[in-house]
>>> print(open('query.cif').read())   # mmCIF, C-alpha atoms
data_entry
#
loop_
_atom_site.label_atom_id
_atom_site.label_comp_id
_atom_site.auth_asym_id
_atom_site.auth_seq_id
_atom_site.Cartn_x
_atom_site.Cartn_y
_atom_site.Cartn_z
CA MET S 1 109.98 85.77 100.95
CA LEU S 2 112.93 84.23 99.16
CA SER S 3 110.62 82.40 96.80
CA ARG S 4 108.46 85.46 96.23
CA TRP S 5 111.52 87.42 95.10
CA GLY S 6 112.83 84.55 93.00
CA HIS S 7 115.97 84.09 95.14
CA ASP S 8 117.28 87.22 93.40
CA PRO S 9 120.32 88.64 95.24
CA ARG S 10 119.45 92.11 93.90
CA ALA S 11 116.27 91.96 96.02
CA LEU S 12 118.23 91.63 99.28
CA VAL S 13 116.80 94.80 100.86
CA GLN S 14 113.24 93.79 100.02
CA VAL S 15 113.76 90.25 101.34
CA LEU S 16 115.17 91.60 104.59
CA ARG S 17 112.40 94.17 104.97
CA GLU S 18 109.54 91.76 104.35
CA THR S 19 111.11 89.03 106.47
CA GLN S 20 111.57 91.40 109.40
CA ALA S 21 107.91 92.42 109.13
CA LEU S 22 107.15 88.84 110.26
CA THR S 23 110.08 88.12 112.60
CA HIS S 24 110.41 91.68 114.07
CA TRP S 25 114.24 91.40 114.07
CA LEU S 26 117.00 89.66 112.11
CA PRO S 27 119.11 87.23 114.19
CA ARG S 28 122.42 86.05 112.78
CA ASP S 29 121.27 82.54 111.94
CA LEU S 30 118.45 84.01 109.86
CA LEU S 31 120.89 86.32 108.05
CA THR S 32 123.12 83.29 107.42
CA HIS S 33 120.21 81.39 105.90
CA ILE S 34 119.31 84.34 103.66
CA ALA S 35 122.94 84.76 102.58
CA GLN S 36 123.20 81.09 101.60
CA ALA S 37 119.87 81.16 99.77
CA LEU S 38 120.85 84.25 97.77
CA ARG S 39 124.43 83.02 97.24
CA LEU S 40 125.84 86.14 98.86
CA PRO S 41 128.68 86.48 101.38
CA LEU S 42 127.37 86.72 104.94
CA ALA S 43 129.45 89.88 105.40
CA GLN S 44 127.50 91.57 102.59
CA VAL S 45 124.11 90.59 104.06
CA GLU S 46 125.15 91.66 107.55
CA GLY S 47 126.55 94.88 106.13
CA VAL S 48 123.20 95.78 104.61
CA ALA S 49 121.28 94.72 107.73
CA THR S 50 123.44 96.90 109.98
CA PHE S 51 123.62 99.89 107.62
CA TYR S 52 119.92 100.69 107.37
CA ARG S 53 118.40 102.18 110.51
CA PHE S 54 115.16 100.23 110.26
CA PHE S 55 116.75 96.80 110.21
CA HIS S 56 117.21 95.30 113.68
CA THR S 57 119.94 92.79 114.46
CA ARG S 58 119.08 92.81 118.17
CA PRO S 59 115.74 91.86 119.78
CA VAL S 60 113.04 94.53 119.68
CA GLY S 61 109.42 94.58 120.74
CA ARG S 62 106.68 93.14 118.59
CA LEU S 63 105.35 96.69 118.57
CA ARG S 64 108.07 99.24 117.95
CA VAL S 65 107.73 102.94 118.75
CA LEU S 66 110.33 105.29 117.28
CA PHE S 67 110.31 108.98 118.22
CA SER S 68 111.45 111.42 115.56
CA ASP S 69 114.81 112.79 116.66
CA ASN S 70 115.59 116.16 115.14
CA ILE S 71 116.00 119.68 116.40
CA THR S 72 112.40 120.75 115.77
CA ASP S 73 110.90 117.75 117.55
CA ARG S 74 113.29 118.22 120.46
CA LEU S 75 112.36 121.89 120.76
CA LEU S 76 108.73 120.77 120.88
CA GLY S 77 109.47 118.44 123.80
CA SER S 78 109.95 115.05 122.17
CA GLU S 79 112.60 113.90 124.68
CA ALA S 80 110.32 114.55 127.66
CA LEU S 81 107.50 112.71 125.90
CA LEU S 82 109.78 109.75 125.12
CA SER S 83 110.78 109.56 128.80
CA ARG S 84 107.12 109.80 129.81
CA LEU S 85 106.13 106.90 127.55
CA CYS S 86 109.02 104.75 128.77
CA GLU S 87 108.03 105.46 132.36
CA ARG S 88 104.42 104.50 131.72
CA LEU S 89 105.50 101.28 129.99
CA GLY S 90 108.30 100.43 132.42
CA VAL S 91 110.97 100.11 129.73
CA VAL S 92 114.38 101.58 128.96
CA PRO S 93 114.86 103.27 125.57
CA GLY S 94 116.17 100.77 123.05
CA GLN S 95 115.22 97.67 125.04
CA PRO S 96 112.02 95.60 124.80
CA ASP S 97 109.93 94.84 127.87
CA ASP S 98 110.35 91.47 129.58
CA GLN S 99 107.57 89.91 127.52
CA GLY S 100 108.87 91.27 124.22
CA ARG S 101 105.62 93.16 123.63
CA PHE S 102 107.01 96.59 122.80
CA SER S 103 110.11 98.76 122.67
CA VAL S 104 110.70 102.51 122.45
CA ASP S 105 113.61 104.20 120.69
CA ARG S 106 114.54 107.10 118.40
CA ALA S 107 114.51 107.43 114.61
CA SER S 108 116.01 110.08 112.40
CA CYS S 109 113.87 112.95 111.13
CA THR S 110 110.50 111.54 110.08
CA GLY S 111 109.69 114.43 107.74
CA LEU S 112 106.83 115.51 110.01
CA CYS S 113 108.44 118.40 111.84
CA ASP S 114 105.67 120.77 110.74
CA GLN S 115 103.26 118.75 112.90
CA GLY S 116 105.54 117.26 115.52
CA PRO S 117 106.46 115.88 117.88
CA ALA S 118 105.89 112.75 115.84
CA LEU S 119 106.72 109.06 115.99
CA LEU S 120 106.59 105.88 113.92
CA ILE S 121 104.81 102.67 114.81
CA ASN S 122 106.41 99.49 113.43
CA HIS S 123 108.12 101.60 110.72
CA HIS S 124 104.69 101.75 109.10
CA GLN S 125 102.19 104.11 110.69
CA VAL S 126 102.95 107.65 111.84
CA ILE S 127 101.49 109.52 114.81
CA THR S 128 101.62 113.31 114.77
CA ARG S 129 100.99 116.17 117.22
CA LEU S 130 102.15 114.32 120.33
CA ASP S 131 101.48 115.75 123.76
CA ALA S 132 101.38 114.34 127.29
CA GLU S 133 97.71 113.36 127.02
CA ARG S 134 98.23 111.51 123.76
CA VAL S 135 101.32 109.74 125.10
CA ASP S 136 99.39 108.56 128.19
CA ALA S 137 96.58 107.23 125.97
CA LEU S 138 99.17 105.54 123.75
CA ALA S 139 100.75 103.82 126.75
CA ALA S 140 97.35 102.53 127.91
CA LEU S 141 96.62 101.04 124.48
CA MET S 142 100.04 99.41 124.30
CA LEU S 143 99.76 97.90 127.77
CA SER S 144 96.34 96.53 126.85
CA GLU S 145 97.78 95.21 123.55
CA VAL S 146 95.05 96.89 121.52
CA PRO S 147 95.82 96.39 117.77
CA VAL S 148 97.13 99.47 116.02
CA ASP S 149 94.22 99.37 113.57
CA HIS S 150 91.90 100.12 116.50
CA TRP S 151 93.74 103.22 117.69
CA PRO S 152 92.12 106.66 117.16
CA ALA S 153 92.22 107.52 113.47
CA ASP S 154 92.95 111.19 114.18
CA TRP S 155 96.34 110.25 115.61
CA PHE S 156 97.52 109.23 112.15
CA ARG S 157 96.42 112.40 110.33
CA VAL S 158 99.14 114.04 108.24
CA ASP S 159 98.47 117.50 106.80
CA ASN S 160 100.32 119.04 103.87
CA THR S 161 99.80 122.73 104.47
CA VAL S 162 101.30 124.54 101.49
CA HIS S 163 101.05 128.26 102.21
CA ARG S 164 102.28 129.41 98.79
CA ALA S 165 101.92 126.84 96.04
CA GLY S 166 103.55 128.77 93.21
CA PRO S 167 103.52 127.56 89.59
CA LEU S 168 104.94 124.13 90.42
CA LEU S 169 102.01 123.03 92.59
CA THR S 170 99.05 124.95 91.22
CA GLY S 171 98.57 122.55 88.31
CA LEU S 172 99.16 122.77 84.59
CA PRO S 173 97.57 125.53 82.48
CA VAL S 174 94.31 124.67 80.76
CA ASP S 175 95.96 124.61 77.33
CA ALA S 176 98.89 122.42 78.42
CA PRO S 177 99.36 119.25 76.32
CA ALA S 178 98.34 115.95 77.92
CA LEU S 179 100.98 113.31 78.64
CA PRO S 180 100.29 111.26 75.45
CA ALA S 181 100.92 114.36 73.31
CA VAL S 182 104.20 115.03 75.08
CA ILE S 183 105.33 111.41 74.82
CA ALA S 184 104.54 111.38 71.10
CA ARG S 185 107.35 113.86 70.46
CA GLU S 186 110.75 112.58 69.42
CA PRO S 187 113.22 112.10 72.31
CA GLN S 188 115.71 114.62 70.96
CA ALA S 189 112.95 117.20 70.59
CA LEU S 190 112.16 116.77 74.29
CA LEU S 191 115.82 117.14 75.21
CA ASP S 192 116.21 120.24 73.05
CA GLU S 193 113.19 121.86 74.67
CA LEU S 194 114.56 121.10 78.14
CA ALA S 195 117.81 122.80 77.14
CA ARG S 196 115.97 125.88 75.85
CA ALA S 197 113.90 126.07 79.03
CA GLY S 198 117.00 126.01 81.22
CA LEU S 199 115.45 123.56 83.67
CA ARG S 200 117.84 122.68 86.46
CA GLY S 201 117.93 120.12 89.24
CA ARG S 202 116.36 121.27 92.49
CA GLY S 203 119.33 120.14 94.55
CA GLY S 204 122.25 122.25 95.68
CA ALA S 205 124.24 121.87 92.46
CA GLY S 206 121.47 123.13 90.16
CA PHE S 207 122.78 120.86 87.39
CA PRO S 208 121.20 121.39 83.94
CA THR S 209 118.54 118.71 83.48
CA ALA S 210 118.93 118.49 79.71
CA ARG S 211 122.67 117.81 80.02
CA LYS S 212 122.07 115.01 82.52
CA TRP S 213 119.33 113.38 80.43
CA GLN S 214 121.34 113.75 77.20
CA ALA S 215 124.34 112.03 78.79
CA CYS S 216 122.14 109.13 79.79
CA ARG S 217 120.59 108.84 76.34
CA ASP S 218 124.04 108.91 74.69
CA ALA S 219 125.53 106.31 77.04
CA SER S 220 126.40 102.90 75.64
CA GLY S 221 124.49 99.78 76.61
CA PRO S 222 120.89 98.67 76.10
CA LEU S 223 119.41 99.28 79.56
CA ARG S 224 118.45 102.65 81.01
CA CYS S 225 116.45 103.40 84.17
CA VAL S 226 114.78 106.46 85.61
CA VAL S 227 115.36 106.73 89.36
CA CYS S 228 113.34 109.16 91.47
CA ASN S 229 115.13 109.71 94.76
CA ALA S 230 112.48 110.40 97.40
CA ASP S 231 114.79 109.66 100.32
CA GLU S 232 114.59 113.24 101.66
CA GLY S 233 117.19 112.69 104.34
CA GLU S 234 117.83 116.34 105.17
CA PRO S 235 116.53 117.05 108.70
CA GLY S 236 113.59 119.42 108.81
CA THR S 237 112.49 118.99 105.19
CA PHE S 238 109.22 117.50 103.95
CA LYS S 239 108.85 118.59 100.32
CA ASP S 240 108.92 115.00 99.02
CA ARG S 241 106.18 114.06 101.49
CA ALA S 242 103.90 116.76 100.09
CA LEU S 243 104.72 115.90 96.48
CA LEU S 244 104.13 112.17 96.90
CA SER S 245 100.98 112.67 98.98
CA ASP S 246 99.22 115.25 96.82
CA HIS S 247 101.02 115.27 93.45
CA ALA S 248 102.04 111.66 92.79
CA ASP S 249 100.63 111.72 89.26
CA ALA S 250 102.78 114.72 88.40
CA VAL S 251 105.87 112.92 89.73
CA PHE S 252 105.06 109.82 87.66
CA ASP S 253 104.32 112.00 84.61
CA GLY S 254 107.81 113.49 84.96
CA MET S 255 109.41 110.06 85.26
CA THR S 256 107.54 108.89 82.15
CA ILE S 257 108.69 111.92 80.13
CA ALA S 258 112.25 111.30 81.30
CA ALA S 259 111.97 107.68 80.20
CA ARG S 260 110.84 108.73 76.73
CA ALA S 261 113.66 111.24 76.46
CA ILE S 262 116.47 108.88 77.48
CA GLY S 263 115.06 105.59 76.18
CA ALA S 264 114.40 103.91 79.54
CA GLN S 265 112.30 100.81 80.05
CA GLN S 266 112.08 100.88 83.84
CA GLY S 267 111.53 103.49 86.51
CA TRP S 268 112.15 103.22 90.24
CA LEU S 269 110.88 105.41 93.03
CA TYR S 270 113.08 105.18 96.13
CA LEU S 271 110.72 105.70 99.08
CA ARG S 272 112.39 106.40 102.42
CA GLY S 273 111.46 104.13 105.32
CA GLU S 274 109.96 107.01 107.30
CA TYR S 275 107.37 107.43 104.50
CA ARG S 276 106.35 103.77 104.48
CA TYR S 277 102.78 104.84 105.25
CA LEU S 278 102.59 106.37 101.75
CA LEU S 279 103.31 103.05 100.01
CA PRO S 280 99.68 101.87 99.60
CA HIS S 281 98.67 105.26 98.21
CA LEU S 282 101.51 105.27 95.70
CA GLN S 283 100.86 101.67 94.63
CA MET S 284 97.21 102.56 94.08
CA VAL S 285 98.20 105.50 91.86
CA LEU S 286 100.51 103.26 89.82
CA GLU S 287 97.79 100.62 89.40
CA ARG S 288 95.36 103.28 88.21
CA ARG S 289 97.91 104.56 85.69
CA ARG S 290 98.52 101.03 84.40
CA ALA S 291 94.77 100.45 84.05
CA SER S 292 94.43 103.69 82.05
CA GLY S 293 97.33 102.77 79.74
CA LEU S 294 99.81 105.35 81.00
CA LEU S 295 102.25 102.62 82.11
CA GLY S 296 103.20 99.22 80.74
CA ALA S 297 103.36 98.09 77.13
CA ASN S 298 102.82 100.94 74.66
CA ALA S 299 102.70 103.40 77.56
CA ALA S 300 100.64 106.56 77.02
CA GLY S 301 99.43 105.11 73.72
CA LEU S 302 102.83 105.22 72.01
CA ALA S 303 103.59 102.00 70.12
CA GLY S 304 106.86 100.44 71.20
CA PHE S 305 107.26 102.63 74.29
CA ASP S 306 107.24 100.07 77.11
CA PHE S 307 107.76 101.67 80.49
CA ASP S 308 106.70 100.85 84.03
CA ILE S 309 107.53 102.12 87.51
CA GLY S 310 108.28 100.16 90.68
CA ILE S 311 108.85 101.28 94.27
#
>>> encode(input="query.cif", output="structure tokens")
Amino acid sequence: MLSRWGHDPRALVQVLRETQALTHWLPRDLLTHIAQALRLPLAQVEGVATFYRFFHTRPVGRLRVLFSDNITDRLLGSEALLSRLCERLGVVPGQPDDQGRFSVDRASCTGLCDQGPALLINHHQVITRLDAERVDALAALMLSEVPVDHWPADWFRVDNTVHRAGPLLTGLPVDAPALPAVIAREPQALLDELARAGLRGRGGAGFPTARKWQACRDASGPLRCVVCNADEGEPGTFKDRALLSDHADAVFDGMTIAARAIGAQQGWLYLRGEYRYLLPHLQMVLERRRASGLLGANAAGLAGFDFDIGI
């Protein structure tokens, strides 16, 4: 993993994540080795490993089950189901079984409260619509060490039921310009139109988008990035899940327009750990956009506009 990431200290989180996928947890001697290889203080590496909920510095099972822990899942009976699974497996929450096969614990809100109770498997797959029958079947599969890929496919179904799409999710009008036509406009023209439209951030502050983008464009220094924050850490929310699942192209269109407006060369989508199951889908969308010329050198057909997006 260190070689794959070029021993780049800025890739610490990725190195830790991909290493743990093989080792299941991060003992101190392994963290020491990573710190030395990346030329970072051990305190910094340990600080990162202990800050993020999905890094484990104590032994866990080779198969890790994490129940979503928020008010909606609890009202739907998640705690009783967690106790039921632990009883069937003969384990205590937070501790692996004697053979190190599996462990059961809690995670923060998984963004699936509209189809909970829900849980995560190995921080990767999600299981929705838990009930006593499904928990008993899950315990039987775990005790038999059946690979996750062979579990019932319906368990992993995630629905995005939008009851009222509104103008944001119903798609662009028929006469709307395609992305290449938008990108062809001068950056200041894009910023001026944003200002006239009065577009604001969707967060609590409602900050004017044009003012934010203009400040970035006017900032000194050669490097600018577009960061899309899909962390969605507020309990009970799942808007980012629906957007990334069903409208990823629209999200990446927006990032590309922002890049043109501010003069960015790189975009980053921050994907929360609870949405790890969306990573292959998003990578596929990005590859398709690169193949069609919407990302990379001369993105969207505009000479000299080099822009790509990573996750």
>>> closest_residue(input="query.cif", among="S:Val285, S:Ile311, S:Ala291, S:Leu243", to="Gln266 in chain S", atoms="all atoms listed in the file")
S:Ile311
>>> resolve_selection(input="query.cif", expression="the PyMOL selection byres ((chain S and resi 131) around 12)", output="PyMOL selection string")
chain S and resi 73+76-82+84-85+115-119+127-130+132-138+155
>>> closest_residue(input="query.cif", among="S:Leu278, S:Leu75, S:Ile34, S:Leu302", to="Val126 in chain S", atoms="only C-alpha atoms")
S:Leu278
>>> residues_around(input="query.cif", residues="Gly203 in chain S", least_positions_apart="5", cutoff="12 Å", atoms="all atoms listed in the file", output="list of chain:residue names")
S:Pro208, S:Thr209, S:Asn229, S:Glu232, S:Glu234
>>> closest_residue(input="query.cif", among="S:His33, S:His7, S:His163, S:His56", to="Ala21 in chain S", atoms="only C-alpha atoms")
S:His56
>>> residues_around(input="query.cif", residues="Gly221 in chain S", least_positions_apart="5", cutoff="12 Å", atoms="only C-alpha atoms", output="ChimeraX atom specification")
/S:216,263-264
>>> write_last_selection(input="query.cif", atoms="C-alpha atoms", output="tab-separated table (two decimals), in the frame of the given file")
chain	number	residue	atom	x	y	z
S	216	CYS	CA	122.14	109.13	79.79
S	263	GLY	CA	115.06	105.59	76.18
S	264	ALA	CA	114.40	103.91	79.54
>>> atom_distance(input="query.cif", atom1="CA of Leu66 in chain S", atom2="CA of Phe54 in chain S")
9.9 Å
>>> atom_distance(input="query.cif", atom1="CA of Cys225 in chain S", atom2="CA of Ala210 in chain S")
15.9 Å
>>> residues_near_point(input="query.cif", point="(118.8, 91.0, 116.6)", cutoff="7 Å", atoms="only C-alpha atoms", output="list in words")
Trp25, Leu26, Pro27, His56, Thr57, Arg58 and Pro59 of chain S
>>> write_last_selection(input="query.cif", atoms="C-alpha atoms", output="tab-separated table (two decimals), in the frame of the given file")
chain	number	residue	atom	x	y	z
S	25	TRP	CA	114.24	91.40	114.07
S	26	LEU	CA	117.00	89.66	112.11
S	27	PRO	CA	119.11	87.23	114.19
S	56	HIS	CA	117.21	95.30	113.68
S	57	THR	CA	119.94	92.79	114.46
S	58	ARG	CA	119.08	92.81	118.17
S	59	PRO	CA	115.74	91.86	119.78
>>> resolve_selection(input="query.cif", expression="the PyMOL selection byres ((chain S and resi 192-201) around 12)", output="MDAnalysis selection string")
chainID S and resid 182 185:191 202:214 257:258 261
>>> closest_residue(input="query.cif", among="S:Ser292, S:Gln95, S:Gln125, S:Gln36", to="Phe156 in chain S", atoms="all atoms listed in the file")
S:Gln125
>>> residues_near_point(input="query.cif", point="(112.2, 105.5, 80.9)", cutoff="10 Å", atoms="only C-alpha atoms", output="list of chain:residue names")
S:Leu223, S:Arg224, S:Cys225, S:Val226, S:Val227, S:Gly254, S:Met255, S:Thr256, S:Ile257, S:Ala258, S:Ala259, S:Arg260, S:Ala261, S:Ile262, S:Gly263, S:Ala264, S:Gln265, S:Gln266, S:Gly267, S:Trp268, S:Phe305, S:Asp306, S:Phe307, S:Asp308, S:Ile309
>>> closest_residue(input="query.cif", among="S:Arg106, S:Arg53, S:Arg157, S:His150", to="Pro93 in chain S", atoms="all atoms listed in the file")
S:Arg106
>>> atom_distance(input="query.cif", atom1="CA of Arg39 in chain S", atom2="CA of Phe55 in chain S")
20.4 Å
>>> resolve_selection(input="query.cif", expression="the PyMOL selection byres ((chain S and resi 290) around 12)", output="ChimeraX atom specification")
/S:249,252,283-289,291-301,306-310
>>> decode(input="query.cif", residues="range 278-300 of chain S", atoms="N, CA and C atoms", output="PDB file, in the first residue's frame")
ATOM      1  N   LEU S 278     -21.093   2.858  -2.269  1.00  0.00           N
ATOM      2  CA  LEU S 278     -21.313   3.645  -3.480  1.00  0.00           C
ATOM      3  C   LEU S 278     -20.037   3.871  -4.278  1.00  0.00           C
ATOM      4  N   LEU S 279     -18.878   3.523  -3.715  1.00  0.00           N
ATOM      5  CA  LEU S 279     -17.606   3.837  -4.373  1.00  0.00           C
ATOM      6  C   LEU S 279     -17.485   3.213  -5.762  1.00  0.00           C
ATOM      7  N   PRO S 280     -17.773   1.925  -5.963  1.00  0.00           N
ATOM      8  CA  PRO S 280     -17.646   1.376  -7.325  1.00  0.00           C
ATOM      9  C   PRO S 280     -18.546   2.081  -8.333  1.00  0.00           C
ATOM     10  N   HIS S 281     -19.764   2.411  -7.924  1.00  0.00           N
ATOM     11  CA  HIS S 281     -20.680   3.117  -8.815  1.00  0.00           C
ATOM     12  C   HIS S 281     -20.113   4.471  -9.212  1.00  0.00           C
ATOM     13  N   LEU S 282     -19.592   5.211  -8.246  1.00  0.00           N
ATOM     14  CA  LEU S 282     -19.069   6.542  -8.538  1.00  0.00           C
ATOM     15  C   LEU S 282     -17.812   6.464  -9.401  1.00  0.00           C
ATOM     16  N   GLN S 283     -16.955   5.489  -9.136  1.00  0.00           N
ATOM     17  CA  GLN S 283     -15.755   5.330  -9.961  1.00  0.00           C
ATOM     18  C   GLN S 283     -16.128   4.981 -11.398  1.00  0.00           C
ATOM     19  N   MET S 284     -17.182   4.182 -11.567  1.00  0.00           N
ATOM     20  CA  MET S 284     -17.638   3.827 -12.904  1.00  0.00           C
ATOM     21  C   MET S 284     -18.139   5.067 -13.647  1.00  0.00           C
ATOM     22  N   VAL S 285     -18.874   5.931 -12.948  1.00  0.00           N
ATOM     23  CA  VAL S 285     -19.371   7.157 -13.568  1.00  0.00           C
ATOM     24  C   VAL S 285     -18.201   8.043 -13.994  1.00  0.00           C
ATOM     25  N   LEU S 286     -17.196   8.168 -13.134  1.00  0.00           N
ATOM     26  CA  LEU S 286     -16.034   8.988 -13.476  1.00  0.00           C
ATOM     27  C   LEU S 286     -15.286   8.413 -14.675  1.00  0.00           C
ATOM     28  N   GLU S 287     -15.126   7.093 -14.726  1.00  0.00           N
ATOM     29  CA  GLU S 287     -14.445   6.478 -15.867  1.00  0.00           C
ATOM     30  C   GLU S 287     -15.219   6.727 -17.153  1.00  0.00           C
ATOM     31  N   ARG S 288     -16.537   6.638 -17.080  1.00  0.00           N
ATOM     32  CA  ARG S 288     -17.350   6.897 -18.269  1.00  0.00           C
ATOM     33  C   ARG S 288     -17.197   8.343 -18.730  1.00  0.00           C
ATOM     34  N   ARG S 289     -17.147   9.268 -17.780  1.00  0.00           N
ATOM     35  CA  ARG S 289     -16.990  10.680 -18.134  1.00  0.00           C
ATOM     36  C   ARG S 289     -15.609  10.935 -18.735  1.00  0.00           C
ATOM     37  N   ARG S 290     -14.579  10.261 -18.217  1.00  0.00           N
ATOM     38  CA  ARG S 290     -13.250  10.419 -18.812  1.00  0.00           C
ATOM     39  C   ARG S 290     -13.238   9.882 -20.245  1.00  0.00           C
ATOM     40  N   ALA S 291     -13.862   8.715 -20.439  1.00  0.00           N
ATOM     41  CA  ALA S 291     -13.886   8.106 -21.771  1.00  0.00           C
ATOM     42  C   ALA S 291     -14.635   8.978 -22.778  1.00  0.00           C
ATOM     43  N   SER S 292     -15.628   9.738 -22.305  1.00  0.00           N
ATOM     44  CA  SER S 292     -16.397  10.600 -23.213  1.00  0.00           C
ATOM     45  C   SER S 292     -15.812  12.003 -23.322  1.00  0.00           C
ATOM     46  N   GLY S 293     -14.669  12.252 -22.673  1.00  0.00           N
ATOM     47  CA  GLY S 293     -13.984  13.526 -22.810  1.00  0.00           C
ATOM     48  C   GLY S 293     -14.462  14.630 -21.896  1.00  0.00           C
ATOM     49  N   LEU S 294     -15.321  14.282 -20.916  1.00  0.00           N
ATOM     50  CA  LEU S 294     -15.820  15.308 -20.000  1.00  0.00           C
ATOM     51  C   LEU S 294     -14.844  15.601 -18.867  1.00  0.00           C
ATOM     52  N   LEU S 295     -13.853  14.723 -18.674  1.00  0.00           N
ATOM     53  CA  LEU S 295     -12.830  14.920 -17.653  1.00  0.00           C
ATOM     54  C   LEU S 295     -11.468  14.641 -18.276  1.00  0.00           C
ATOM     55  N   GLY S 296     -10.424  15.178 -17.646  1.00  0.00           N
ATOM     56  CA  GLY S 296      -9.072  14.969 -18.137  1.00  0.00           C
ATOM     57  C   GLY S 296      -8.571  16.163 -18.927  1.00  0.00           C
ATOM     58  N   ALA S 297      -7.601  15.919 -19.794  1.00  0.00           N
ATOM     59  CA  ALA S 297      -7.044  16.994 -20.609  1.00  0.00           C
ATOM     60  C   ALA S 297      -8.110  17.527 -21.563  1.00  0.00           C
ATOM     61  N   ASN S 298      -8.157  18.850 -21.674  1.00  0.00           N
ATOM     62  CA  ASN S 298      -9.144  19.508 -22.542  1.00  0.00           C
ATOM     63  C   ASN S 298     -10.560  19.028 -22.217  1.00  0.00           C
ATOM     64  N   ALA S 299     -10.889  19.062 -20.939  1.00  0.00           N
ATOM     65  CA  ALA S 299     -12.177  18.546 -20.461  1.00  0.00           C
ATOM     66  C   ALA S 299     -13.331  19.255 -21.146  1.00  0.00           C
ATOM     67  N   ALA S 300     -14.364  18.477 -21.451  1.00  0.00           N
ATOM     68  CA  ALA S 300     -15.575  18.977 -22.115  1.00  0.00           C
ATOM     69  C   ALA S 300     -15.268  19.668 -23.434  1.00  0.00           C
TER      70      ALA S 300
END
